[in-house]
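Engineer: Below: one structure in structure tokens.
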Amino acid sequence: MGRKVAFIAALFGALALVGPAQARVEVQWWHAMSGVLADRLNELVEKFNTSQDKYTVVAVAKGNYDEVTNGVIAAYRAKRPPEMVQIAERGYMTMLLSGAVVPVQDLIEQKGYKVDFSDFIKPVASFWSYKGRMSAMPFNSSTPIFWYNKDHFQKAGFDKPADTWQELESQLYTIKSKGISECGTVLPGDFYWSLLENYSAINNQPYGTLANGFDGLGTEFVYNKTKVVSQVARLKKWLDDGVMQIAGQGFSPEQLFTSGRCSTFVNSTASHGNIERNATVNWSATFLPHESDINSPLNSTIGGGAIWVMRGHTQERYDAVAAFLNFLAQPETQVWWHGATGYVPATNRAYALARERGYYKDHPTREIAVLQLSRGTPNENSRGFRFGNFVQTMLAQRQEVEAVFAGQKQPQQAMDDAVKRGNEILRQFEKLNAGKTLETERP
Amino acid sequence: MTLRLSIPWRDTRAPVLQRRHGGHQSKAGTGAAAGGSRTSGKVRRREQEAGLKRANFGDGPGLPTLLLLPQLLILLFFFFIPSLRALMQSVLLSDPFGTNVQFVWFDNFKTLLASSDYRQSITVTFWFTVAQNVLTLGSALVLAFATDRIVRGRSAYRTIILLPYAIAPAIAGILWAFLFNPAVGPLAQVLHWVGIAWDPNLNPTDALILVTLAASWKHVCYDYIFLVVGLLAVPVSLMEAAAVDGAGPIRRFVSIALPMLGPTVFFLTVMNFIYGFFETFAIIDAVTKGGPAGATNILVYKVFVDGFVNLDLGSSAAQSVLLMSFALICTLLQFRYFDRKVNYGV
Amino acid sequence: MVERSPILNMVCHAILIAGALTVCVPLYFAFVAGSLTVTEVQKVPLPWLPGNQFFDNLQLAWSKGNFSRTFANSIVVALGITAGKIVVSLLSAFAITYFRFRYRMLAFWLIFVSLMLPIEVRIVPTFEAVANAALPLQSLADILHLADLWGWISGHDVAITLEWNMVNTYPGLILPLIASATATFLFRQFFLTVPDELCEAAKLDGASPLHFFWSILLPLSVPNMVALAIILFLFGWNQYLWPLLFTTDKDMATAVIALKGLIPRSDSEPAWNIAMSGALLTMLPPALVVLLLQRWFIKGLIDSSK
């Protein structure tokens with residue numbers, strides 16, 4: 001074997017990453033957090049950097065999730081990927097089968113760190129692992145919960161929102177008809193996630209064949225044959241009756257809730273920070289409702305992002321990456337991040353620690369997400385979703401639901417069309433990745 | 001150099017400041033729009049190479065190549081290579097990281113043309129550009145007519161009406177989305193008070209109206225200034241003669257000024273289409289993001305979404321190729337127009 | 001006017017006032033929203049009269065949008081596009097109008113094909129191309145097996161990695177936006193109207209082509225250049241999609257992109273007051289250009305016809 005020599009002809013503009021020999025090894029982490037969450041993330045990184053003197057993690061905000069994804073794709077193609085990148089849950093299959101990533105569990109174990117991967121709470125672990133091994137590091141995991149305006153409910157004569165969609169509906173209609181608020185609820189921007197996908201998991205409805213895609217790339221959507229159709233019809237009815245409003249472009253649905261205009265709001269538990277700060281109303285939160293004929297609702301699924309490790313870096317850099325990931329997995333770090341942001345603690349140990357310290361006595365609503373995620377035993381309808389090109393199928397579905405809202409299509413027709421379009425997209429992904437499995441090479 | 005050459009820098013100062021008297025036929029707006037020079041074109045171009053000065057520096061490729069090099073290099077890297085890549089990518093199925101690539105012939109085009117989504121996008125683009133064109137040109141004509149009639153405050157009006165040109169389409173979009181937001185927008189409130197169930201987030205037609213309004217708001221100034229300048233060039237003597245014959249101001253505008261503005265209007269129509277097709281991306285992105293139900297998903301926005309959000313590079317490239325072919329046809333049409341107008345055989 | 005017609009005049013004024021109002025209403029509400037506190041701006045419906053936070057919000061927007069940096073970037077990018085496009089176009093227009101050479105027509109068409117193809121149309125491949133502009137050369141090297149060849153000659157195992165990454169650089173922001181023929185077309189049209197006698201006289205005096213270009217053609221072109229420069233400056237300042245995709249580094253963002261960062265997203269505070277203050281700040285420089293240099297701006301519009 002000859003010597004391996006690489007000529008790098010970097011014309012102008014190339015990022016000058018390699019400086020003179022540094023005492024600290026520097027690695028980049030591209031992320032998608034903004035606002036308060038970005039501030040917290042920077043604090044977290046700072047904690048790591050000051051906790052030891054060998055490695056420096058540089059956190060770089062690269063815009064929203066789409067922008068981060070595009071950035072890392074371009075960087076990878078230009079052979080300059082960052083060491084770590086935060087990707088949203090919907091990009092899981094794309095990243096997993098890209099051949100551009102190093103599975104985190106392999107990396108962490110290879111570098112000799114002891115992280116108890118079995119301690120991650122179930123829906124989190126199952127979402128981010130492949131064949132029983134964690135492929136990306138859970139970072140900001142959330143799940144939708146049900147926010148409500150306490151005063152509105154009390155005025156209408158209710159203690160709290162009902163557990164079932166049916167009873168909740170009559171509550172919301174009462175609130176509206178008594179003129180207590182202008183709208184019962186506001187459609188969340190990511191309703192496909194909270195009101196269709198999580199709805200299916202909680203109510204034990206299959207979303208796609210082959211265990212929602214966990215058992216193979218041949219999966220097909222089936223939500224046009226489940227309660228999802230009547231759920232869409234329900235939303236349409238609420239909309240027509242003025243019980244639900246759409247905030248739309250330019251304004252956040254959250255604003256309609258925090259200002260007291262709408263009485264309830266389904267949104268991620270990660271909005272705790274904002275709602276605590278901005279709400280002018282007396283708010284609280286509870287579990288997402290379930291259908292009245294479902295006796296034991298299942299767990300909800302996660303959303304948010306995980307940290308992927310990119311291929312093509314030196315062992316020295318991977319040392320730094322492993323040290324950082326190990327730091328993230330520590331219960332102390334988890335608890336701090338949980339408290340600072342509202343995202344769920346990813347491990348049971350961290351959750352226990354937060355409980356022990358009485359955190360939930362002061363912040364009862366922050367426990368809802370964990371409880372809802374770890375409710376019951378996840379089955380193949382509630383473990384999560386494994387669909388390729390999941391962003392694309394989601395956008396097609398959203399378009400079809402919007403056609404229902406606009407009165408252009410009946411719910412059944414729209415869901416049939418969404419499934420048809422989605423399946424074409426899935427087939428394309430299958431064709432592209434025919435015969436592919438996760439590369440388990442060592443970095 | 002005579003005024004008949006209609007050299008652009010000579011024109012603007014004069015027509016903007018004062019109406020020209022006398023009967024010469026130069027149409028400042030259109031002449032300049034078309035690039036000036038009618039007479040020089042006609043006489044000389046016949047006996048020599050098209051688009052080449054009669055007095056030139058002769059043969060020898062050395063110096064001109066050097067002069068052309070910067071532009072050609074920039075075009076090579078940022079126009080031709082990307083276009084070529086689009087062409088190549090359009091016949092490939094590939095994952096975004098480029099680790100897995102399959103050659104699929106024209107599958108991407110077939111899938112695209114068969115998808116209802118794409119056909120909807122074509123329809124939407126058509127209605128959007130047509131509506132935007134009519135609204136923009138119509139408002140601009142009315143405003144230009146009014147500007148031409150009055151004396152006092154003319155430059156103040158003109159200044160204000162020109163202002164949107166300075167505003168980035170993205171910002172224009174944000175402002176309009178804010179104003180007409182059904183929940184909090186002040187103008188949406190007004191609509192609700194008069195009993196219109198306005199909701200662009202829900203109703204596809206409302207959404208299309210909103211982006212059309214925003215796009216036109218941003219672009220009226222462009223058509224307006226061409227028409228104002230064009231109107232100034234309409235000979236006063238002609239108008240006076242018509243007035244003596246008893247034609248009222250509106251009648252004169254319609255039967256004398258408008259026909260003289262014909263070429264300008266044609267030019268503006270083409271430019272409005274180009275604007276609507278390609279340059280309204282930021283407005284769509286800020287106002288509706290292509291929704292609801294794909295009602296404002298114009299072609300150029302779809303290229304972006306499929307490429308950067310859906311990561312469906314093959315389809316996005318196929319769309320780019322189709323759009324580029326379309327734009328190329330527009331370019332050729334525009335050339336033919338220039339050709340006829342000023343007789344530039346190139 | 002030809003005849004007096006007070007009623008029509010009043011109608012005309014009414015039309016113009018309506019037009020001016022249509023322009024101003026969105027700007028007025030941006031100002032109103034920009035002068036409220038964050039709680040006030042969330043009120044439904046929005047107040048119709050301004051609050052008293054205008055200057056505080058401006059200040060906050062300035063620092064939150066990193067505008068001292070992003071304004072500088074915008075200026076560099078806008079001026080870079082302006083200067084770059086004018087220089088490049090002058091040279092190439094000169095070449096194709098004043099020289100007879102074999103590939104003249106080919107060069108002409110190569111340039112003019114790009115006339116009406118804005119970058120939005122080919123955004124994805126352009127992004128890839130600029131993320132690594134050396135990629136075509138790399139493919140060439142791969143196809144020709146240059147690495148193997150070199151390895152065979154030198155006896156070493158060699159990998160050739162060519163890289164020219166322009167993400168987050170000024171050239172990356174500027175050059176792709178120069179890649180169109182609009183300005184070349186304008187100068188070409190103008191050169192064609194320049195009297196032939198000037199060139200003949202210069203040739204009689206024995207002036208070189210470059211001398212003619214520098215001392216005769218260029219001074220004649222100054223008005224066109226100034227007018228075009230204004231249009232290009234506005235074009236550059238107001239760019240959205242390209243810098244949006246292309247500047248992932250906050251310190252390389254332009255003002256419009258920084259403004260986009262101020263627009264509330266679903267997971268952040270709905271600080272529309274700050275966003276609107278930022279919008280007013282960002283539109284100020286181009287608005288001043290239009291207001292103060294109006295005559296040149298109008299000339300530029302009509303000249304460039306694009």
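By convention in this document, the chains of the structure tokens carry letters A, B, ... by their order, each chain's residues are numbered from 1, and ligands are numbered from 1 in the order they are shown.
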Identify, on the basis of only C-alpha atoms, every residue whose closest approach to range 88-100 of chain B does not exceed 8 Å; exclude the query and any residue fewer than 5 positions from it along the same chain; express the result as a ChimeraX atom specification.
Structural biologist: /A:73-74,76-77,94,98-100,432-433 /B:105-109,311-318,321
Engineer: Restricting the output to C-alpha atoms, write the selected residues as a PDB file, in the first residue's frame.
Structural biologist:
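Okay, this is what ended up in result.pdb:
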```pdb
ATOM      1  CA  ILE A  73     -26.103  18.335   2.361  1.00  0.00           C
ATOM      2  CA  ALA A  74     -24.207  21.005   0.472  1.00  0.00           C
ATOM      3  CA  TYR A  76     -21.170  17.039   2.621  1.00  0.00           C
ATOM      4  CA  ARG A  77     -21.180  17.192  -1.147  1.00  0.00           C
ATOM      5  CA  THR A  94     -32.999  10.241   4.818  1.00  0.00           C
ATOM      6  CA  SER A  98     -27.597   8.486   3.419  1.00  0.00           C
ATOM      7  CA  GLY A  99     -24.332   6.674   3.990  1.00  0.00           C
ATOM      8  CA  ALA A 100     -23.067   9.985   5.282  1.00  0.00           C
ATOM      9  CA  LEU A 432     -33.715   4.694  -4.606  1.00  0.00           C
ATOM     10  CA  ASN A 433     -32.674   2.705  -1.555  1.00  0.00           C
TER      11      ASN A 433
ATOM     12  CA  TRP B 105     -34.174   8.509 -18.388  1.00  0.00           C
ATOM     13  CA  PHE B 106     -37.198  10.799 -18.498  1.00  0.00           C
ATOM     14  CA  ASP B 107     -39.000   9.370 -15.494  1.00  0.00           C
ATOM     15  CA  ASN B 108     -38.785  12.638 -13.599  1.00  0.00           C
ATOM     16  CA  PHE B 109     -40.481  14.494 -16.428  1.00  0.00           C
ATOM     17  CA  LEU B 311     -35.123  17.200  -1.272  1.00  0.00           C
ATOM     18  CA  ASP B 312     -36.540  15.707  -4.466  1.00  0.00           C
ATOM     19  CA  LEU B 313     -33.653  16.869  -6.600  1.00  0.00           C
ATOM     20  CA  GLY B 314     -34.616  15.033  -9.772  1.00  0.00           C
ATOM     21  CA  SER B 315     -38.089  16.507  -9.926  1.00  0.00           C
ATOM     22  CA  SER B 316     -36.852  19.963  -8.991  1.00  0.00           C
ATOM     23  CA  ALA B 317     -34.237  19.799 -11.749  1.00  0.00           C
ATOM     24  CA  ALA B 318     -36.818  18.651 -14.275  1.00  0.00           C
ATOM     25  CA  VAL B 321     -35.332  22.605 -17.151  1.00  0.00           C
TER      26      VAL B 321
END
```
Engineer: So which residues touch Phe246 in chain C within 8 Å, counting only C-alpha atoms, skipping near sequence neighbours fewer than 4 positions away, as a ChimeraX atom specification?
Structural biologist: /C:127,167-168,172-173,242
Engineer: Check the smallest atom-to-atom distance from each of C:Ala131, C:Gly51, C:Leu234, C:Gly278 to chain B using only C-alpha atoms, then report the winner.
Structural biologist: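 Of all the options, C:Leu234 lies closest to chain B.
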Engineer: Of the residues A:Leu41, A:Ala306, A:Ile368, A:Ala75, which is the one nearest to chain C, using only C-alpha atoms?
Structural biologist: A:Ala75
Engineer: Select all residues from chain A having any atom no more than 9 Å from an atom of chain B (counting only C-alpha atoms, ignoring ligands), output as a ChimeraX atom specification.
Structural biologist: /A:66-67,69-70,72-74,76-77,94-95,98-100,245-251,256,389-393,395-396,398-407,421,428-429,432-433
Engineer: Create the file for the chosen residues now, containing N, CA and C atoms and written as a compact mmCIF listing (two decimals), in the first residue's frame.
Structural biologist:
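This is the output file out_4.txt:
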```txt
# COMPACT_ATOMS: atom_id res chain seq x y z
N ASP A 66 -35.02 22.97 7.91
CA ASP A 66 -34.81 22.82 6.46
C ASP A 66 -33.46 23.40 6.05
N GLU A 67 -33.17 24.55 6.60
CA GLU A 67 -31.94 25.22 6.21
C GLU A 67 -30.72 24.46 6.70
N THR A 69 -30.60 21.24 7.17
CA THR A 69 -30.50 20.05 6.33
C THR A 69 -29.82 20.39 5.00
N ASN A 70 -30.29 21.47 4.37
CA ASN A 70 -29.68 21.85 3.10
C ASN A 70 -28.22 22.23 3.26
N VAL A 72 -26.11 21.08 5.47
CA VAL A 72 -25.24 19.93 5.70
C VAL A 72 -25.12 19.09 4.42
N ILE A 73 -26.17 19.06 3.63
CA ILE A 73 -26.10 18.33 2.36
C ILE A 73 -25.07 18.99 1.44
N ALA A 74 -25.16 20.30 1.33
CA ALA A 74 -24.21 21.00 0.47
C ALA A 74 -22.79 20.83 1.00
N TYR A 76 -21.62 18.41 2.81
CA TYR A 76 -21.17 17.04 2.62
C TYR A 76 -20.74 16.81 1.18
N ARG A 77 -21.53 17.35 0.26
CA ARG A 77 -21.18 17.19 -1.15
C ARG A 77 -19.88 17.92 -1.47
N THR A 94 -33.94 9.64 5.76
CA THR A 94 -33.00 10.24 4.82
C THR A 94 -31.58 10.19 5.37
N MET A 95 -31.44 10.56 6.65
CA MET A 95 -30.12 10.57 7.26
C MET A 95 -29.60 9.14 7.43
N SER A 98 -28.39 7.61 4.28
CA SER A 98 -27.60 8.49 3.42
C SER A 98 -26.19 7.95 3.20
N GLY A 99 -25.72 7.10 4.10
CA GLY A 99 -24.33 6.67 3.99
C GLY A 99 -23.37 7.77 4.40
N ALA A 100 -23.91 8.84 4.95
CA ALA A 100 -23.07 9.98 5.28
C ALA A 100 -22.88 10.14 6.78
N GLN A 245 -60.00 28.20 14.89
CA GLN A 245 -59.48 29.20 13.97
C GLN A 245 -58.11 28.81 13.46
N ILE A 246 -57.75 29.38 12.31
CA ILE A 246 -56.42 29.17 11.76
C ILE A 246 -55.67 30.49 11.87
N ALA A 247 -54.50 30.47 12.45
CA ALA A 247 -53.75 31.71 12.59
C ALA A 247 -53.12 32.08 11.25
N GLY A 248 -52.57 31.08 10.59
CA GLY A 248 -52.05 31.32 9.25
C GLY A 248 -50.69 31.95 9.21
N GLN A 249 -50.27 32.24 7.97
CA GLN A 249 -48.95 32.81 7.75
C GLN A 249 -48.80 34.11 8.51
N GLY A 250 -47.63 34.32 9.04
CA GLY A 250 -47.32 35.61 9.61
C GLY A 250 -47.67 35.73 11.09
N PHE A 251 -48.57 34.91 11.54
CA PHE A 251 -48.88 34.95 12.97
C PHE A 251 -48.83 33.56 13.55
N LEU A 256 -52.63 33.44 19.41
CA LEU A 256 -54.08 33.47 19.59
C LEU A 256 -54.47 32.83 20.92
N ASN A 389 -38.64 10.07 2.78
CA ASN A 389 -39.16 11.33 2.22
C ASN A 389 -40.36 11.83 3.02
N PHE A 390 -40.23 11.76 4.34
CA PHE A 390 -41.38 12.01 5.21
C PHE A 390 -41.83 13.47 5.16
N VAL A 391 -40.90 14.35 4.84
CA VAL A 391 -41.29 15.76 4.70
C VAL A 391 -42.20 15.92 3.49
N GLN A 392 -41.80 15.27 2.42
CA GLN A 392 -42.55 15.39 1.17
C GLN A 392 -43.95 14.79 1.29
N THR A 393 -44.05 13.63 1.91
CA THR A 393 -45.38 13.02 2.06
C THR A 393 -46.24 13.87 2.99
N LEU A 395 -46.06 17.15 3.36
CA LEU A 395 -46.53 18.35 2.66
C LEU A 395 -47.69 18.03 1.74
N ALA A 396 -47.63 16.86 1.09
CA ALA A 396 -48.73 16.45 0.22
C ALA A 396 -50.00 16.26 1.05
N ARG A 398 -50.65 17.64 3.97
CA ARG A 398 -51.12 18.92 4.47
C ARG A 398 -51.94 19.65 3.41
N GLN A 399 -51.44 19.56 2.17
CA GLN A 399 -52.17 20.19 1.08
C GLN A 399 -53.59 19.63 0.95
N GLU A 400 -53.69 18.31 1.09
CA GLU A 400 -55.00 17.68 0.95
C GLU A 400 -55.92 18.08 2.11
N VAL A 401 -55.36 18.16 3.32
CA VAL A 401 -56.19 18.58 4.45
C VAL A 401 -56.65 20.02 4.24
N GLU A 402 -55.77 20.84 3.72
CA GLU A 402 -56.15 22.23 3.45
C GLU A 402 -57.28 22.30 2.42
N ALA A 403 -57.24 21.34 1.48
CA ALA A 403 -58.33 21.30 0.50
C ALA A 403 -59.65 20.97 1.18
N VAL A 404 -59.60 20.14 2.22
CA VAL A 404 -60.81 19.87 3.00
C VAL A 404 -61.27 21.14 3.70
N PHE A 405 -60.35 21.80 4.36
CA PHE A 405 -60.70 23.03 5.08
C PHE A 405 -61.30 24.06 4.13
N ALA A 406 -60.77 24.10 2.90
CA ALA A 406 -61.26 25.08 1.94
C ALA A 406 -62.59 24.66 1.33
N GLY A 407 -63.03 23.46 1.66
CA GLY A 407 -64.30 22.98 1.12
C GLY A 407 -64.19 22.43 -0.28
N ARG A 421 -50.83 9.94 -3.15
CA ARG A 421 -49.64 10.74 -3.43
C ARG A 421 -48.48 10.31 -2.54
N GLN A 428 -40.82 5.88 -4.56
CA GLN A 428 -39.59 6.48 -5.09
C GLN A 428 -38.43 6.28 -4.11
N PHE A 429 -38.72 6.45 -2.84
CA PHE A 429 -37.68 6.26 -1.82
C PHE A 429 -37.23 4.81 -1.79
N LEU A 432 -35.04 4.10 -4.76
CA LEU A 432 -33.71 4.69 -4.61
C LEU A 432 -32.85 3.89 -3.65
N ASN A 433 -33.46 3.36 -2.59
CA ASN A 433 -32.67 2.71 -1.56
C ASN A 433 -32.81 1.18 -1.58
```
Engineer: Can you tell me, as a PyMOL selection string, what residues are no more than 10 Å from Lys250 in chain C when counting only C-alpha atoms, ignoring any on the same chain fewer than 6 positions away?
Structural biologist: (chain A and resi 60-63) or (chain C and resi 65-66+69-70+168+257-258+261)
Engineer: Go ahead and save the picked residues with N, CA, C and O atoms, as an mmCIF file, in the first residue's frame.
Structural biologist:
```cif
data_model
loop_
_atom_site.group_PDB
_atom_site.id
_atom_site.type_symbol
_atom_site.label_atom_id
_atom_site.label_comp_id
_atom_site.auth_asym_id
_atom_site.auth_seq_id
_atom_site.Cartn_x
_atom_site.Cartn_y
_atom_site.Cartn_z
ATOM 1 N N VAL A 60 -23.113 26.303 15.886
ATOM 2 C CA VAL A 60 -23.390 27.254 14.813
ATOM 3 C C VAL A 60 -24.863 27.173 14.444
ATOM 4 O O VAL A 60 -25.351 26.124 14.029
ATOM 5 N N ALA A 61 -25.574 28.292 14.606
ATOM 6 C CA ALA A 61 -26.986 28.321 14.214
ATOM 7 C C ALA A 61 -27.077 28.445 12.701
ATOM 8 O O ALA A 61 -26.517 29.364 12.118
ATOM 9 N N LYS A 62 -27.743 27.502 12.068
ATOM 10 C CA LYS A 62 -27.801 27.501 10.600
ATOM 11 C C LYS A 62 -29.223 27.695 10.099
ATOM 12 O O LYS A 62 -29.584 27.181 9.050
ATOM 13 N N GLY A 63 -30.023 28.386 10.878
ATOM 14 C CA GLY A 63 -31.397 28.618 10.421
ATOM 15 C C GLY A 63 -32.343 27.559 10.937
ATOM 16 O O GLY A 63 -32.068 26.907 11.933
ATOM 17 N N GLY C 65 -31.058 42.337 15.163
ATOM 18 C CA GLY C 65 -30.828 41.943 13.776
ATOM 19 C C GLY C 65 -29.362 41.980 13.410
ATOM 20 O O GLY C 65 -29.017 41.735 12.261
ATOM 21 N N ASN C 66 -28.503 42.300 14.379
ATOM 22 C CA ASN C 66 -27.078 42.385 14.086
ATOM 23 C C ASN C 66 -26.868 43.332 12.907
ATOM 24 O O ASN C 66 -26.036 43.097 12.034
ATOM 25 N N ARG C 69 -23.644 44.808 11.470
ATOM 26 C CA ARG C 69 -22.870 43.900 10.630
ATOM 27 C C ARG C 69 -23.609 43.611 9.319
ATOM 28 O O ARG C 69 -23.038 43.638 8.235
ATOM 29 N N THR C 70 -24.902 43.310 9.429
ATOM 30 C CA THR C 70 -25.615 42.880 8.232
ATOM 31 C C THR C 70 -25.831 44.046 7.252
ATOM 32 O O THR C 70 -25.875 43.824 6.049
ATOM 33 N N ASN C 168 -20.996 31.326 2.267
ATOM 34 C CA ASN C 168 -20.620 32.322 3.267
ATOM 35 C C ASN C 168 -19.450 33.200 2.879
ATOM 36 O O ASN C 168 -18.679 33.626 3.720
ATOM 37 N N ILE C 257 -32.071 39.334 5.090
ATOM 38 C CA ILE C 257 -32.074 38.011 5.724
ATOM 39 C C ILE C 257 -32.102 38.142 7.242
ATOM 40 O O ILE C 257 -32.791 37.386 7.933
ATOM 41 N N ALA C 258 -31.382 39.117 7.753
ATOM 42 C CA ALA C 258 -31.427 39.358 9.197
ATOM 43 C C ALA C 258 -32.837 39.728 9.624
ATOM 44 O O ALA C 258 -33.322 39.289 10.657
ATOM 45 N N GLY C 261 -34.940 36.855 10.099
ATOM 46 C CA GLY C 261 -34.682 36.252 11.402
ATOM 47 C C GLY C 261 -35.473 36.915 12.522
ATOM 48 O O GLY C 261 -35.693 36.317 13.563
#
```
Engineer: For the interface of range 25-105 of chain C with range 182-191 of chain C (cut-off 12 Å, counting only C-alpha atoms), please tabulate each contacting residue of range 25-105 of chain C alongside its nearest pair of atoms and their separation in Å to one decimal, rows sorted by chain and increasing number, as CSV.
Structural biologist:
```
residue,atom,partner,partner_atom,distance
C:Ile81,CA,C:Ala183,CA,11.3
C:Thr82,CA,C:Ala183,CA,10.0
C:Ala83,CA,C:Ala183,CA,11.2
C:Gly84,CA,C:Ala183,CA,10.6
C:Lys85,CA,C:Ala183,CA,6.9
C:Ile86,CA,C:Ala183,CA,6.7
C:Val87,CA,C:Thr184,CA,9.6
C:Val88,CA,C:Thr184,CA,8.0
C:Ser89,CA,C:Thr184,CA,4.3
C:Leu90,CA,C:Phe187,CA,6.3
C:Leu91,CA,C:Thr184,CA,8.5
C:Ser92,CA,C:Thr184,CA,6.8
C:Ala93,CA,C:Arg188,CA,4.9
C:Phe94,CA,C:Arg188,CA,7.2
C:Ala95,CA,C:Arg188,CA,9.4
C:Ile96,CA,C:Arg188,CA,7.8
C:Thr97,CA,C:Arg188,CA,6.6
C:Tyr98,CA,C:Phe191,CA,8.6
```
Engineer: I need the residue nearest chain A from this list: C:Leu36, C:Ala202, C:Ala181, C:Met276. Use only C-alpha atoms for the distance.
Structural biologist: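 Among the listed residues, C:Met276 lies closest to chain A.
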Engineer: Identify, on the basis of only C-alpha atoms, every residue whose closest approach to Ile231 in chain C does not exceed 7 Å; exclude the query and any residue fewer than 6 positions from it along the same chain; express the result as a list in words.
Structural biologist: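 Here the qualifying residues turn out to be Phe297, Gly300 and Leu301 of chain C.
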Engineer: Give me, as a JSON list (two decimals) with N, CA, C and O atoms, in the first residue's frame, all polymer residues having an atom no more than 6 Å from range 297-303 of chain A, counting only C-alpha atoms and skipping those fewer than 6 positions away in the same chain.
Structural biologist:
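Saved result, selection-v2.json, follows:
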```json
[["chain", "number", "residue", "atom", "x", "y", "z"],
["A", 89, "GLU", "N", -36.96, 15.12, 13.39],
["A", 89, "GLU", "CA", -37.35, 13.70, 13.41],
["A", 89, "GLU", "C", -37.79, 13.21, 12.04],
["A", 89, "GLU", "O", -37.60, 12.06, 11.68],
["A", 141, "SER", "N", -36.20, 16.48, 22.44],
["A", 141, "SER", "CA", -37.37, 15.65, 22.19],
["A", 141, "SER", "C", -38.59, 16.32, 22.81],
["A", 141, "SER", "O", -38.56, 16.73, 23.96],
["A", 142, "SER", "N", -39.62, 16.38, 22.00],
["A", 142, "SER", "CA", -40.85, 16.97, 22.53],
["A", 142, "SER", "C", -42.01, 16.09, 22.14],
["A", 142, "SER", "O", -41.85, 15.11, 21.42],
["A", 143, "THR", "N", -43.17, 16.46, 22.59],
["A", 143, "THR", "CA", -44.39, 15.78, 22.17],
["A", 143, "THR", "C", -45.52, 16.79, 22.36],
["A", 143, "THR", "O", -45.40, 17.70, 23.18],
["A", 198, "ASN", "N", -49.70, 11.91, 15.88],
["A", 198, "ASN", "CA", -49.80, 11.57, 17.30],
["A", 198, "ASN", "C", -51.19, 11.05, 17.65],
["A", 198, "ASN", "O", -51.33, 10.17, 18.50],
["A", 201, "ALA", "N", -51.19, 7.42, 16.92],
["A", 201, "ALA", "CA", -50.46, 6.64, 17.91],
["A", 201, "ALA", "C", -51.29, 6.48, 19.18],
["A", 201, "ALA", "O", -51.50, 5.36, 19.66],
["A", 202, "ILE", "N", -51.79, 7.59, 19.68],
["A", 202, "ILE", "CA", -52.53, 7.55, 20.95],
["A", 202, "ILE", "C", -53.78, 6.67, 20.84],
["A", 202, "ILE", "O", -54.10, 5.91, 21.74],
["A", 203, "ASN", "N", -54.45, 6.76, 19.70],
["A", 203, "ASN", "CA", -55.68, 6.01, 19.52],
["A", 203, "ASN", "C", -55.48, 4.65, 18.87],
["A", 203, "ASN", "O", -56.41, 4.03, 18.37],
["A", 372, "GLN", "N", -47.09, 11.30, 29.23],
["A", 372, "GLN", "CA", -47.84, 10.93, 28.04],
["A", 372, "GLN", "C", -46.98, 10.06, 27.11],
["A", 372, "GLN", "O", -47.46, 9.12, 26.49],
["A", 373, "LEU", "N", -45.68, 10.37, 27.04],
["A", 373, "LEU", "CA", -44.78, 9.59, 26.19],
["A", 373, "LEU", "C", -44.58, 8.18, 26.72],
["A", 373, "LEU", "O", -44.42, 7.23, 25.96],
["A", 374, "SER", "N", -44.54, 8.06, 28.06],
["A", 374, "SER", "CA", -44.21, 6.74, 28.60],
["A", 374, "SER", "C", -45.45, 5.98, 29.07],
["A", 374, "SER", "O", -45.35, 5.00, 29.78],
["A", 375, "ARG", "N", -46.62, 6.43, 28.63],
["A", 375, "ARG", "CA", -47.87, 5.79, 29.00],
["A", 375, "ARG", "C", -48.01, 4.45, 28.27],
["A", 375, "ARG", "O", -47.82, 4.39, 27.05],
["A", 376, "GLY", "N", -48.35, 3.40, 29.00],
["A", 376, "GLY", "CA", -48.59, 2.10, 28.38],
["A", 376, "GLY", "C", -47.34, 1.50, 27.75],
["A", 376, "GLY", "O", -46.22, 1.98, 27.95],
["A", 384, "GLY", "N", -43.64, 5.01, 16.63],
["A", 384, "GLY", "CA", -43.08, 6.12, 15.86],
["A", 384, "GLY", "C", -43.32, 5.87, 14.39],
["A", 384, "GLY", "O", -44.14, 5.02, 14.02]]
```
Engineer: Could you jot down the CA of Leu241 in chain C to CA of Val36 in chain A separation for me, Å, one decimal place?
Structural biologist: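 Between CA of Leu241 in chain C and CA of Val36 in chain A the gap is 25.9 Å.
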